[in-house]
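Enquirer: Sharing a structure, written as structure tokens. Questions coming.
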Amino acid sequence: MKENGFLQRIGIQYHWKNRNYKNFDEFLMDMKQSKRKNIRQERKKELPAVETYHLLLDHDSPATSTYKWVISAQNLKMKRLRGYEIKAIHWDTFYKFYRNTTDNKWGSAYLTRDFFHNMGSRMGDDVLLIVAEEKDELVAGALNLIGGDTLFGRLWGCLPQAYYPSLHFEACYYQAIEAAIELNLDKVEAGAQGEHKIQRGYLPVTTYSCHYIMDEGFRKVIEDFLVRETAQVIIFILSKFSKHPFSGKLLLHP
């Protein structure tokens, strides 16, 4: 597209890569000892008395079978729900989470309550909703979409009064990793922003977009800016990637 007059911009996202891990502990063993210890402490802080079990759901075919994990700690439970496991009450409550996030961050609530219901009914098992419960009350949730070999983390929210140390990391990052391993997915795309993701196994990768600017004067200004921005983005990615949390050498892929 660059040859056709489009300006190319590179950006940054943070992705977790599945290196044929059998479980979360095997992923941790791939990390440096200090980083592995930090994650375990972080999960212990959120889940100090972990009791884990799974339930194999009955579906019409093995290809659509899925596991639902429930992690209990004191009064907090983390659940991973797909397809018909996600009920109307889940979407109604998640919409409250979504509005709490947009209201607190001065965002625009461009998604409606009906959007979440329609998405759940039309996309079925391609939707993964991770929820946190306290005494059977939904207090937080993270919305993920499954496409091809990738789990896409998209939205997170909680009730205004909900506060648990590291709950955001548990719901958005660690539960997504466990789900990707369980579903044999290649990677988790956690989106842009957040250098804190690196030490939790999500490494910076380059993204690309192309833009056609009609006004020649405006185009020149933007083109000059993109040259400078691209150089800074590359420097940033190289510097952050060199401090990755894994014990072995990793190759940086463009």
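Residue numbers start at 1 in each chain; chains themselves are named A, B, ... in the order of the structure tokens; ligands are numbered from 1 in the order shown.
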Please list as a list in words every residue within 8 Å of range 233-241 of chain A, counting only C-alpha atoms and excluding residues in the same chain fewer than 4 positions away.
Expert: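 Listing them by chain and then by number gives Ile10, Gly11, Ile12, Ile198, Leu203, Pro204, Val205, Thr206, Glu229 and Leu252 of chain A.
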Enquirer: Which residue gives the smallest distance to Tyr14 in chain A among A:Lys220, A:Arg228, A:Lys105, A:Arg200, with only C-alpha atoms counted?
Expert: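 The closest residue to Tyr14 in chain A is A:Arg200.
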Enquirer: Write out as a list in words which residues come within 9 Å of range 119-123 of chain A when counting only C-alpha atoms, dropping same-chain ones fewer than 3 positions away.
Expert: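 Once the adjacent positions are removed, what remains is Arg82, Gly83, Tyr84, Ile86, Lys87, Trp91, Asp114, Phe115, Phe116, Asp126, Val127 and Leu145 of chain A.
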Enquirer: Could you find all residues in range 4-237 of chain A that DSSP calls strand (DSSP E or B) from the backbone, and write them as a PyMOL selection string?
Expert: chain A and resi 7-17+31+51-56+67-73+76-82+127-134+137-147+150-158+187-189+203-211
